[in-house]
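**Q** Following this line is my_file_39.txt, made up of compact mmCIF, C-alpha atoms and all ligand atoms:
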# COMPACT_ATOMS: atom_id res chain seq x y z
CA MET A 1 -49.82 32.77 6.93
CA ALA A 2 -48.66 29.72 4.96
CA ASP A 3 -47.13 27.10 7.21
CA PHE A 4 -43.83 26.32 5.39
CA THR A 5 -41.33 24.39 7.45
CA MET A 6 -37.64 24.04 6.63
CA ASP A 7 -35.81 20.87 7.62
CA VAL A 8 -32.46 22.61 8.09
CA GLU A 9 -30.36 19.45 8.39
CA ASN A 10 -31.66 17.83 5.24
CA ASN A 11 -32.30 21.10 3.45
CA ASN A 12 -35.79 19.91 2.50
CA THR A 13 -38.58 22.43 2.19
CA GLN A 14 -41.88 20.83 3.18
CA GLN A 15 -44.97 22.44 1.74
CA PRO A 16 -48.34 21.84 3.36
CA ALA A 17 -50.83 19.90 1.20
CA ILE A 18 -53.31 22.17 -0.54
CA PRO A 19 -56.79 21.52 0.85
CA PRO A 20 -58.89 19.58 -1.73
CA GLU A 21 -61.47 22.32 -2.12
CA LYS A 22 -58.82 24.74 -3.36
CA CYS A 23 -57.55 22.43 -6.13
CA PRO A 24 -58.14 24.07 -9.62
CA GLU A 25 -60.91 22.52 -11.59
CA LYS A 26 -59.87 20.31 -14.47
CA ARG A 27 -60.23 22.13 -17.78
CA LYS A 28 -62.94 20.49 -19.84
CA ALA A 29 -62.05 19.52 -23.46
CA THR A 30 -65.28 21.13 -24.64
CA ASP A 31 -64.45 24.52 -23.12
CA THR A 32 -64.02 26.77 -26.17
CA SER A 33 -64.53 30.27 -24.88
CA ASP A 34 -62.84 32.97 -27.06
CA GLU A 35 -60.55 34.05 -24.27
CA LYS A 36 -59.21 30.54 -23.80
CA THR A 37 -58.74 29.97 -27.56
CA VAL A 38 -56.57 33.10 -27.83
CA GLU A 39 -54.54 32.01 -24.82
CA ILE A 40 -53.94 28.49 -26.21
CA LYS A 41 -52.95 29.92 -29.61
CA ARG A 42 -50.44 32.26 -27.94
CA LEU A 43 -48.93 29.41 -25.98
CA LYS A 44 -48.65 27.32 -29.17
CA GLU A 45 -46.85 30.20 -30.92
CA ASP A 46 -44.42 30.52 -28.02
CA ARG A 47 -43.76 26.80 -28.15
CA SER A 48 -43.16 26.81 -31.92
CA ASP A 49 -40.32 29.34 -31.37
CA VAL A 50 -38.73 26.97 -28.87
CA ASP A 51 -39.17 23.93 -31.13
CA SER A 52 -37.67 25.57 -34.19
CA ALA A 53 -34.58 26.94 -32.38
CA PRO A 54 -31.47 24.91 -33.38
CA ARG A 55 -30.40 22.72 -30.47
CA PRO A 56 -26.67 22.25 -29.83
CA PRO A 57 -25.70 18.60 -30.08
CA PRO A 58 -24.86 17.01 -26.72
CA GLN A 59 -21.15 17.39 -26.09
CA SER A 60 -18.63 16.28 -23.53
CA PRO A 61 -16.78 19.07 -21.66
CA LYS A 62 -13.59 18.06 -23.54
CA LYS A 63 -15.33 18.36 -26.94
CA ARG A 64 -16.84 21.73 -25.94
CA LEU A 65 -13.40 23.08 -25.05
CA GLN A 66 -12.08 21.91 -28.42
CA LEU A 67 -14.94 23.62 -30.27
CA GLU A 68 -14.34 26.81 -28.30
CA GLY A 69 -10.72 26.68 -29.46
CA LYS A 70 -9.36 26.04 -25.95
CA PRO A 71 -6.53 23.52 -25.75
CA PRO A 72 -7.59 20.24 -24.14
CA ASN A 73 -5.94 19.37 -20.88
CA ASN A 74 -3.24 17.01 -22.09
CA LYS A 75 -1.41 16.78 -18.79
CA PRO A 76 0.16 13.31 -18.49
CA LYS A 77 -1.91 11.08 -16.23
CA HIS A 78 -0.28 10.64 -12.82
CA ASN A 79 0.65 6.99 -12.47
CA LYS A 80 0.84 6.52 -8.74
CA ASP A 81 2.08 2.94 -9.18
CA LEU A 82 5.43 4.24 -10.44
CA HIS A 83 6.13 5.48 -6.92
CA PHE A 84 5.79 2.00 -5.45
CA LEU A 85 8.16 -0.04 -7.59
CA TYR A 86 9.83 -1.47 -4.49
CA GLY A 87 6.68 -2.13 -2.46
CA ASN A 88 7.56 1.15 -0.75
CA TYR A 89 3.94 1.95 0.04
CA LYS A 90 3.40 5.10 2.06
CA HIS A 91 0.51 3.82 4.12
CA TYR A 92 1.52 0.18 4.21
CA TYR A 93 0.69 -0.33 7.85
CA GLY A 94 -2.67 1.37 7.50
CA LYS A 95 -3.58 -1.30 4.95
CA ARG A 96 -1.96 -4.25 6.64
CA ILE A 97 -2.89 -3.61 10.25
CA LEU A 98 -6.62 -3.71 10.43
CA ASP A 99 -7.40 -3.97 14.10
CA LYS A 100 -8.09 -0.83 16.02
CA ASP A 101 -5.09 -0.91 18.34
CA PHE A 102 -2.69 -1.11 15.35
CA HIS A 103 -1.35 -4.49 16.39
CA ASP A 104 0.55 -6.25 13.62
CA ILE A 105 -0.64 -9.86 13.76
CA ARG A 106 2.85 -11.09 12.85
CA LEU A 107 4.02 -10.02 16.30
CA ASP A 108 1.97 -12.94 17.68
CA VAL A 109 4.04 -15.36 15.61
CA LEU A 110 7.33 -13.67 16.60
CA ALA A 111 6.21 -13.74 20.24
CA THR A 112 6.27 -17.55 20.19
CA GLN A 113 10.10 -17.27 20.44
CA PRO A 114 10.85 -14.01 22.26
CA GLU A 115 14.32 -15.21 23.25
CA LEU A 116 15.34 -14.90 19.60
CA PHE A 117 15.26 -11.12 19.97
CA ARG A 118 15.95 -10.35 23.62
CA ASP A 119 19.35 -8.67 24.03
CA LYS A 120 20.13 -9.43 20.40
CA GLN A 121 21.40 -7.28 17.54
CA LEU A 122 18.85 -7.18 14.76
CA LEU A 123 18.73 -6.01 11.17
CA ASP A 124 15.32 -5.41 9.59
CA ILE A 125 15.64 -5.34 5.78
CA GLY A 126 12.92 -3.29 4.06
CA CYS A 127 11.66 -1.68 7.25
CA ASN A 128 9.24 0.69 5.46
CA SER A 129 8.14 3.46 7.86
CA GLY A 130 9.49 1.49 10.82
CA HIS A 131 6.22 0.58 12.53
CA LEU A 132 6.95 -3.13 12.92
CA SER A 133 10.68 -2.64 13.58
CA ILE A 134 9.89 -0.30 16.47
CA GLU A 135 7.35 -2.74 17.90
CA ILE A 136 9.85 -5.60 17.71
CA ALA A 137 12.67 -3.63 19.35
CA LYS A 138 10.35 -2.49 22.14
CA LYS A 139 8.30 -5.62 22.79
CA PHE A 140 11.23 -8.04 22.76
CA ASP A 141 13.81 -5.73 24.34
CA ALA A 142 16.36 -6.03 21.57
CA LYS A 143 19.92 -4.85 22.27
CA SER A 144 19.81 -2.95 18.98
CA LEU A 145 17.80 -2.84 15.80
CA ILE A 146 18.82 -1.30 12.50
CA GLY A 147 16.00 -0.77 10.02
CA LEU A 148 17.11 -0.40 6.40
CA ASP A 149 14.98 0.68 3.48
CA ILE A 150 15.53 1.63 -0.15
CA ASP A 151 12.97 4.46 0.11
CA ARG A 152 14.55 7.60 1.57
CA GLY A 153 11.18 9.19 2.40
CA LEU A 154 10.04 6.18 4.41
CA VAL A 155 13.33 6.10 6.29
CA LYS A 156 12.87 9.81 7.12
CA ASP A 157 9.38 9.04 8.46
CA ALA A 158 10.80 6.23 10.59
CA GLN A 159 13.55 8.53 11.90
CA THR A 160 10.99 11.19 12.77
CA THR A 161 8.94 8.65 14.72
CA ILE A 162 11.96 7.46 16.66
CA SER A 163 13.03 11.04 17.43
CA SER A 164 9.60 11.80 18.91
CA LEU A 165 9.73 8.61 20.96
CA LYS A 166 13.13 9.66 22.28
CA ARG A 167 11.69 12.97 23.46
CA LEU A 168 9.09 11.06 25.48
CA ALA A 169 11.40 8.33 26.78
CA ALA A 170 12.37 7.91 30.41
CA PRO A 171 16.06 8.74 31.01
CA GLY A 172 18.26 5.65 30.96
CA SER A 173 15.73 3.44 29.15
CA ARG A 174 17.02 1.12 26.44
CA PHE A 175 14.10 1.70 24.09
CA PRO A 176 13.92 3.74 21.84
CA TYR A 177 17.67 4.41 21.92
CA ASN A 178 18.23 0.87 20.64
CA VAL A 179 16.59 1.67 17.27
CA LYS A 180 18.18 3.30 14.24
CA PHE A 181 16.97 3.67 10.63
CA VAL A 182 19.23 3.92 7.60
CA HIS A 183 18.61 4.39 3.93
CA GLY A 184 20.08 1.95 1.42
CA ASN A 185 19.61 -0.77 -1.13
CA TYR A 186 20.29 -4.18 0.38
CA VAL A 187 21.26 -5.50 -3.04
CA LEU A 188 24.90 -4.66 -3.73
CA ASP A 189 26.10 -3.27 -7.04
CA ASP A 190 28.40 -6.22 -7.53
CA ASP A 191 28.69 -9.70 -6.00
CA VAL A 192 32.39 -9.02 -5.42
CA LEU A 193 31.39 -6.71 -2.55
CA LEU A 194 30.17 -9.77 -0.64
CA GLU A 195 33.81 -10.52 0.05
CA ILE A 196 34.05 -7.69 2.56
CA GLU A 197 30.92 -8.70 4.50
CA ARG A 198 31.51 -9.65 8.14
CA PRO A 199 29.13 -11.22 10.70
CA GLN A 200 27.53 -8.45 12.76
CA PHE A 201 23.92 -9.43 13.51
CA ASP A 202 22.24 -12.12 15.60
CA VAL A 203 18.96 -11.91 13.71
CA ILE A 204 18.02 -10.64 10.25
CA LEU A 205 14.38 -10.00 9.48
CA CYS A 206 13.29 -10.02 5.86
CA LEU A 207 9.52 -9.71 5.96
CA SER A 208 7.46 -9.28 2.77
CA VAL A 209 10.46 -7.98 0.86
CA THR A 210 11.66 -10.88 -1.34
CA LYS A 211 9.06 -10.19 -4.04
CA TRP A 212 10.27 -6.62 -4.41
CA ILE A 213 13.94 -7.53 -4.52
CA HIS A 214 13.06 -10.26 -7.01
CA LEU A 215 10.96 -8.04 -9.31
CA ASN A 216 13.61 -5.32 -9.36
CA PHE A 217 16.86 -7.27 -9.24
CA CYS A 218 15.84 -10.65 -10.69
CA ASP A 219 17.02 -14.09 -9.57
CA ALA A 220 20.66 -12.96 -9.36
CA GLY A 221 19.84 -9.98 -7.09
CA LEU A 222 17.73 -12.04 -4.71
CA LYS A 223 20.28 -14.85 -4.53
CA GLN A 224 22.99 -12.30 -3.78
CA ALA A 225 20.80 -10.80 -1.03
CA PHE A 226 20.34 -14.27 0.53
CA ARG A 227 24.10 -14.85 0.49
CA ARG A 228 24.65 -11.42 2.04
CA MET A 229 22.18 -12.22 4.85
CA PHE A 230 24.10 -15.39 5.64
CA LEU A 231 27.44 -13.57 5.68
CA GLN A 232 26.13 -10.81 7.96
CA LEU A 233 24.86 -13.28 10.56
CA ARG A 234 27.01 -14.47 13.45
CA PRO A 235 27.31 -18.20 14.07
CA GLY A 236 24.04 -19.32 15.67
CA GLY A 237 22.31 -16.39 13.94
CA LYS A 238 18.81 -16.57 12.51
CA LEU A 239 17.25 -15.33 9.33
CA ILE A 240 13.52 -14.71 9.78
CA LEU A 241 11.98 -14.81 6.34
CA GLU A 242 8.42 -14.06 5.25
CA PRO A 243 8.43 -14.59 1.47
CA GLN A 244 5.49 -13.64 -0.72
CA SER A 245 4.06 -16.37 -2.93
CA PHE A 246 4.66 -16.25 -6.67
CA ASP A 247 0.93 -15.68 -7.33
CA GLY A 248 1.31 -12.20 -5.91
CA TYR A 249 4.12 -11.32 -8.34
CA LYS A 250 1.84 -11.46 -11.35
CA ARG A 251 -0.35 -8.60 -10.18
CA ARG A 252 2.68 -6.33 -9.96
CA LYS A 253 4.29 -7.11 -13.30
CA LYS A 254 2.55 -4.16 -14.97
CA LEU A 255 4.23 -1.63 -12.67
CA SER A 256 6.88 -0.84 -15.27
CA GLU A 257 8.37 -2.26 -18.45
CA SER A 258 11.53 -3.39 -16.67
CA ILE A 259 9.52 -5.10 -13.94
CA ARG A 260 7.57 -6.93 -16.63
CA GLU A 261 10.81 -8.09 -18.24
CA ASN A 262 12.25 -9.10 -14.88
CA TYR A 263 9.07 -10.99 -14.02
CA ASN A 264 9.29 -12.92 -17.27
CA SER A 265 12.91 -13.83 -16.57
CA ILE A 266 12.26 -15.34 -13.12
CA VAL A 267 12.97 -19.05 -12.82
CA PHE A 268 13.87 -19.13 -9.11
CA ARG A 269 10.47 -19.60 -7.44
CA PRO A 270 9.63 -18.92 -3.76
CA GLU A 271 9.09 -22.65 -3.17
CA GLN A 272 12.77 -23.13 -4.11
CA PHE A 273 14.08 -20.54 -1.61
CA PRO A 274 14.56 -23.05 1.26
CA GLU A 275 16.50 -25.45 -0.94
CA TYR A 276 18.79 -22.62 -2.07
CA LEU A 277 19.26 -21.16 1.43
CA LEU A 278 20.18 -24.60 2.77
CA SER A 279 22.52 -25.37 -0.14
CA PRO A 280 26.33 -25.01 0.09
CA GLU A 281 26.03 -21.89 -2.08
CA VAL A 282 24.51 -20.07 0.91
CA GLY A 283 25.08 -22.34 3.89
CA PHE A 284 22.19 -22.25 6.39
CA ALA A 285 22.07 -25.43 8.45
CA SER A 286 18.36 -25.79 9.14
CA MET A 287 14.95 -24.36 8.55
CA GLU A 288 11.81 -24.38 10.67
CA LEU A 289 8.35 -22.92 10.26
CA MET A 290 7.81 -20.31 12.94
CA GLY A 291 4.12 -19.88 12.16
CA ILE A 292 1.50 -18.46 9.83
CA PRO A 293 -0.14 -15.22 10.95
CA GLU A 294 -3.90 -15.40 11.39
CA HIS A 295 -4.49 -12.42 9.11
CA CYS A 296 -8.05 -11.92 7.91
CA LYS A 297 -6.80 -11.41 4.35
CA THR A 298 -5.51 -14.58 2.70
CA GLY A 299 -2.78 -12.64 0.90
CA PHE A 300 -1.19 -11.70 4.23
CA LYS A 301 -1.25 -15.24 5.65
CA ARG A 302 2.38 -15.76 4.68
CA PRO A 303 4.43 -18.44 6.42
CA ILE A 304 7.24 -17.07 8.57
CA GLN A 305 10.34 -19.26 8.37
CA ILE A 306 13.51 -19.38 10.46
CA PHE A 307 16.85 -20.32 8.91
CA THR A 308 19.72 -21.01 11.32
CA LYS A 309 23.43 -20.52 10.72
CA VAL A 310 25.73 -22.72 12.77
C1 LIG B 401 5.90 -4.53 1.37
S1 LIG B 401 6.99 -3.56 2.32
C2 LIG B 401 7.28 -4.57 3.76
C3 LIG B 401 7.66 -3.75 4.98
C4 LIG B 401 8.05 -4.52 6.24
N1 LIG B 401 9.19 -5.36 6.05
C5 LIG B 401 6.89 -5.33 6.75
O1 LIG B 401 6.77 -6.51 6.40
O2 LIG B 401 6.07 -4.80 7.50
C6 LIG B 401 8.50 -3.80 1.42
C7 LIG B 401 9.58 -2.81 1.84
O3 LIG B 401 10.84 -3.25 1.32
C8 LIG B 401 11.56 -2.14 0.85
N2 LIG B 401 12.54 -2.62 -0.14
C9 LIG B 401 12.27 -3.17 -1.34
N3 LIG B 401 13.41 -3.48 -1.97
C10 LIG B 401 14.42 -3.13 -1.15
C11 LIG B 401 15.84 -3.21 -1.25
N4 LIG B 401 16.44 -3.69 -2.33
N5 LIG B 401 16.59 -2.77 -0.21
C12 LIG B 401 16.00 -2.24 0.90
N6 LIG B 401 14.65 -2.14 1.03
C13 LIG B 401 13.88 -2.59 0.04
C14 LIG B 401 10.47 -1.22 0.29
O4 LIG B 401 10.88 0.11 0.18
C15 LIG B 401 9.34 -1.43 1.28
O5 LIG B 401 9.35 -0.49 2.30
Kindly transcribe the structure held in the file into structure tokens.
Ligand SMILES: C[S@@+](CC[C@H](N)C(=O)[O-])C[C@H]1O[C@@H](n2cnc3c(N)ncnc32)[C@H](O)[C@@H]1O
**A**
Amino acid sequence: MADFTMDVENNNTQQPAIPPEKCPEKRKATDTSDEKTVEIKRLKEDRSDVDSAPRPPPQSPKKRLQLEGKPPNNKPKHNKDLHFLYGNYKHYYGKRILDKDFHDIRLDVLATQPELFRDKQLLDIGCNSGHLSIEIAKKFDAKSLIGLDIDRGLVKDAQTTISSLKRLAAPGSRFPYNVKFVHGNYVLDDDVLLEIERPQFDVILCLSVTKWIHLNFCDAGLKQAFRRMFLQLRPGGKLILEPQSFDGYKRRKKLSESIRENYNSIVFRPEQFPEYLLSPEVGFASMELMGIPEHCKTGFKRPIQIFTKV
């Protein structure tokens, strides 16, 4: 019996080598027996049928469908970028947090001044799915933290996470009852609405959000947001700002036509933010560099600054 073995995992059939003595003899060119001549002639005839048959030209599947009279698939291409006009990435933390225990490296910078957060009332603008907000509220034992985001779906995800944490929480514990997520645009419809703002937070976090406010609401929208942050802070309050550099704006200008126009209109550059925040138009008294996270990707090594209101 032939010894055929099947490598099941690799689906390779291994055939044993044919012993040399069983190899067919090479046909000699001088071999002209009648039987062989008839056979070769028959094979040639068969071949000539194949050669003379008209061959279809090579065609792409799309072309073939057109020739068969089937309508081509003209479904509009799905532009996934249009869903992320605000930097509202669904799996943001999966991309940003690269170490296996899902530790956001920015927490190390924030941990250099834990007293900023302990027993304090915090607002986290652009909280995304709430991963970092939750970590901050828990690690630094905040009195309360409100996470706000323009993306309703992300806020829902954050609310779901906090609800599950509540189910697991020990009775009477502060965390996670100190965390709440709300949906909203931090940029107001009109500057006049700033007049009704009142101080209500000790700390406002605005991490990796300025670029998105800037690209969507231009210089005026971002400046208004900075003034709103100041007005919402109590005396002694801190704005913790992690602005993106202007280099990173360029890559996003193709997201939509209006973003391209907004990008082209920008004159207020991130390097001018401190000057503006410290100017009488806003009113912060001082600025310090809290630190630069040791992220392995250069793009995420963004300085974290603290602006203080007196
Ligand atoms: C790049 S993510 C940063 C998330 C988080 N702050 C962090 O650093 O881990 C930017 C977030 O800001 C939100 N965002 C952008 N513009 C906003 C606005 N005008 N008001 C509220 N949230 C905004 C986006 O939906 C997105 O979740």
**Q** Distance atom CA of A:Tyr263-atom S1 of ligand LIG 401 (chain B), one decimal place?
**A**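 Taking atom CA of A:Tyr263 as the start and atom S1 of ligand LIG 401 (chain B) as the end point, the length is 18.1 Å.
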**Q** Using only C-alpha atoms, determine which residues lie at most 12 Å from A:Phe217, disregarding the query and same-chain residues fewer than 4 positions distant; provide the list as a ChimeraX atom specification.
**A** /A:85-86,185-190,209-213,221-225,258-263,265-266
**Q** Once you count all atoms listed in the file, which residues end up within 8 Å of ligand LIG 401 (chain B), and could you hand them over as JSON, numbers by chain?
**A** {"A": [84, 86, 87, 88, 89, 92, 93, 124, 125, 126, 127, 128, 129, 130, 131, 132, 133, 148, 149, 150, 151, 154, 183, 184, 185, 186, 187, 205, 206, 207, 208, 209, 210, 212, 213, 216, 217, 242]}
**Q** If you keep C-alpha atoms, can you produce a file of those selected residues as a PDB file, in the frame of the given file?
**A**
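Dumped everything to part-v2.pdb:
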ATOM      1  CA  PHE A  84       5.790   2.000  -5.450  1.00  0.00           C
ATOM      2  CA  TYR A  86       9.830  -1.470  -4.490  1.00  0.00           C
ATOM      3  CA  GLY A  87       6.680  -2.130  -2.460  1.00  0.00           C
ATOM      4  CA  ASN A  88       7.560   1.150  -0.750  1.00  0.00           C
ATOM      5  CA  TYR A  89       3.940   1.950   0.040  1.00  0.00           C
ATOM      6  CA  TYR A  92       1.520   0.180   4.210  1.00  0.00           C
ATOM      7  CA  TYR A  93       0.690  -0.330   7.850  1.00  0.00           C
ATOM      8  CA  ASP A 124      15.320  -5.410   9.590  1.00  0.00           C
ATOM      9  CA  ILE A 125      15.640  -5.340   5.780  1.00  0.00           C
ATOM     10  CA  GLY A 126      12.920  -3.290   4.060  1.00  0.00           C
ATOM     11  CA  CYS A 127      11.660  -1.680   7.250  1.00  0.00           C
ATOM     12  CA  ASN A 128       9.240   0.690   5.460  1.00  0.00           C
ATOM     13  CA  SER A 129       8.140   3.460   7.860  1.00  0.00           C
ATOM     14  CA  GLY A 130       9.490   1.490  10.820  1.00  0.00           C
ATOM     15  CA  HIS A 131       6.220   0.580  12.530  1.00  0.00           C
ATOM     16  CA  LEU A 132       6.950  -3.130  12.920  1.00  0.00           C
ATOM     17  CA  SER A 133      10.680  -2.640  13.580  1.00  0.00           C
ATOM     18  CA  LEU A 148      17.110  -0.400   6.400  1.00  0.00           C
ATOM     19  CA  ASP A 149      14.980   0.680   3.480  1.00  0.00           C
ATOM     20  CA  ILE A 150      15.530   1.630  -0.150  1.00  0.00           C
ATOM     21  CA  ASP A 151      12.970   4.460   0.110  1.00  0.00           C
ATOM     22  CA  LEU A 154      10.040   6.180   4.410  1.00  0.00           C
ATOM     23  CA  HIS A 183      18.610   4.390   3.930  1.00  0.00           C
ATOM     24  CA  GLY A 184      20.080   1.950   1.420  1.00  0.00           C
ATOM     25  CA  ASN A 185      19.610  -0.770  -1.130  1.00  0.00           C
ATOM     26  CA  TYR A 186      20.290  -4.180   0.380  1.00  0.00           C
ATOM     27  CA  VAL A 187      21.260  -5.500  -3.040  1.00  0.00           C
ATOM     28  CA  LEU A 205      14.380 -10.000   9.480  1.00  0.00           C
ATOM     29  CA  CYS A 206      13.290 -10.020   5.860  1.00  0.00           C
ATOM     30  CA  LEU A 207       9.520  -9.710   5.960  1.00  0.00           C
ATOM     31  CA  SER A 208       7.460  -9.280   2.770  1.00  0.00           C
ATOM     32  CA  VAL A 209      10.460  -7.980   0.860  1.00  0.00           C
ATOM     33  CA  THR A 210      11.660 -10.880  -1.340  1.00  0.00           C
ATOM     34  CA  TRP A 212      10.270  -6.620  -4.410  1.00  0.00           C
ATOM     35  CA  ILE A 213      13.940  -7.530  -4.520  1.00  0.00           C
ATOM     36  CA  ASN A 216      13.610  -5.320  -9.360  1.00  0.00           C
ATOM     37  CA  PHE A 217      16.860  -7.270  -9.240  1.00  0.00           C
ATOM     38  CA  GLU A 242       8.420 -14.060   5.250  1.00  0.00           C
TER      39      GLU A 242
END
**Q** With 9 Å as the threshold, what does the neighbourhood of (18.8, -2.8, 15.8) contain in terms of residues, counting all atoms listed in the file? Coordinates are those of the file; answer as an MDAnalysis selection string.
**A** chainID A and resid 120:124 133 137 142:147 178:181 201
**Q** Could you work out how far atom CA of A:Thr112 lies from atom CA of A:Ile304, giving the answer in Å with one decimal?
**A**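 Those two atoms sit 11.7 Å apart.
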**Q** What is the distance between atom CA of A:Glu281 and atom CA of A:Asp202, in Å to one decimal?
**A**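 Between atom CA of A:Glu281 and atom CA of A:Asp202 the gap works out to 20.6 Å.
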**Q** Applying 10 Å and all atoms listed in the file, which residues near stretch 282-295 of chain A remain after dropping the ones on its own chain fewer than 2 positions away? List them as number ranges by chain.
**A** A: 96-98, 104-113, 223-224, 226-231, 236-242, 274-280, 297-310
**Q** Take the selection from the previous step and output its residues with C-alpha atoms, as an mmCIF file, in the coordinates of the input.
**A**
data_model
loop_
_atom_site.group_PDB
_atom_site.id
_atom_site.type_symbol
_atom_site.label_atom_id
_atom_site.label_comp_id
_atom_site.auth_asym_id
_atom_site.auth_seq_id
_atom_site.Cartn_x
_atom_site.Cartn_y
_atom_site.Cartn_z
ATOM 1 C CA ARG A 96 -1.960 -4.250 6.640
ATOM 2 C CA ILE A 97 -2.890 -3.610 10.250
ATOM 3 C CA LEU A 98 -6.620 -3.710 10.430
ATOM 4 C CA ASP A 104 0.550 -6.250 13.620
ATOM 5 C CA ILE A 105 -0.640 -9.860 13.760
ATOM 6 C CA ARG A 106 2.850 -11.090 12.850
ATOM 7 C CA LEU A 107 4.020 -10.020 16.300
ATOM 8 C CA ASP A 108 1.970 -12.940 17.680
ATOM 9 C CA VAL A 109 4.040 -15.360 15.610
ATOM 10 C CA LEU A 110 7.330 -13.670 16.600
ATOM 11 C CA ALA A 111 6.210 -13.740 20.240
ATOM 12 C CA THR A 112 6.270 -17.550 20.190
ATOM 13 C CA GLN A 113 10.100 -17.270 20.440
ATOM 14 C CA LYS A 223 20.280 -14.850 -4.530
ATOM 15 C CA GLN A 224 22.990 -12.300 -3.780
ATOM 16 C CA PHE A 226 20.340 -14.270 0.530
ATOM 17 C CA ARG A 227 24.100 -14.850 0.490
ATOM 18 C CA ARG A 228 24.650 -11.420 2.040
ATOM 19 C CA MET A 229 22.180 -12.220 4.850
ATOM 20 C CA PHE A 230 24.100 -15.390 5.640
ATOM 21 C CA LEU A 231 27.440 -13.570 5.680
ATOM 22 C CA GLY A 236 24.040 -19.320 15.670
ATOM 23 C CA GLY A 237 22.310 -16.390 13.940
ATOM 24 C CA LYS A 238 18.810 -16.570 12.510
ATOM 25 C CA LEU A 239 17.250 -15.330 9.330
ATOM 26 C CA ILE A 240 13.520 -14.710 9.780
ATOM 27 C CA LEU A 241 11.980 -14.810 6.340
ATOM 28 C CA GLU A 242 8.420 -14.060 5.250
ATOM 29 C CA PRO A 274 14.560 -23.050 1.260
ATOM 30 C CA GLU A 275 16.500 -25.450 -0.940
ATOM 31 C CA TYR A 276 18.790 -22.620 -2.070
ATOM 32 C CA LEU A 277 19.260 -21.160 1.430
ATOM 33 C CA LEU A 278 20.180 -24.600 2.770
ATOM 34 C CA SER A 279 22.520 -25.370 -0.140
ATOM 35 C CA PRO A 280 26.330 -25.010 0.090
ATOM 36 C CA LYS A 297 -6.800 -11.410 4.350
ATOM 37 C CA THR A 298 -5.510 -14.580 2.700
ATOM 38 C CA GLY A 299 -2.780 -12.640 0.900
ATOM 39 C CA PHE A 300 -1.190 -11.700 4.230
ATOM 40 C CA LYS A 301 -1.250 -15.240 5.650
ATOM 41 C CA ARG A 302 2.380 -15.760 4.680
ATOM 42 C CA PRO A 303 4.430 -18.440 6.420
ATOM 43 C CA ILE A 304 7.240 -17.070 8.570
ATOM 44 C CA GLN A 305 10.340 -19.260 8.370
ATOM 45 C CA ILE A 306 13.510 -19.380 10.460
ATOM 46 C CA PHE A 307 16.850 -20.320 8.910
ATOM 47 C CA THR A 308 19.720 -21.010 11.320
ATOM 48 C CA LYS A 309 23.430 -20.520 10.720
ATOM 49 C CA VAL A 310 25.730 -22.720 12.770
#
**Q** Return the single residue from A:Ile204, A:Val182, A:Leu193, A:Ala220 that is closest to A:Asp157, with distances computed using all atoms listed in the file.
**A** A:Val182
**Q** Which one is closest to A:Lys253: A:Leu215, A:Leu116, A:Arg152, A:Glu197? Count only C-alpha atoms.
**A**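 Ranking A:Leu215, A:Leu116, A:Arg152, A:Glu197 by distance to A:Lys253, first place goes to A:Leu215.
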**Q** Smallest atom-to-atom distance to A:Val155: which of A:Arg234, A:Lys250, A:Lys90, A:His83, using only C-alpha atoms?
**A**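 Looking at the shortest contact to A:Val155, the residue is A:Lys90.
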**Q** Compile the contact shell of A:Pro270 as a list in words: residues with an atom at most 8 Å away, counting all atoms listed in the file, same-chain residues fewer than 4 positions apart removed.
**A**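 Counting all atoms listed in the file, the residues come to Pro243, Gln244, Ser245 and Phe246 of chain A.
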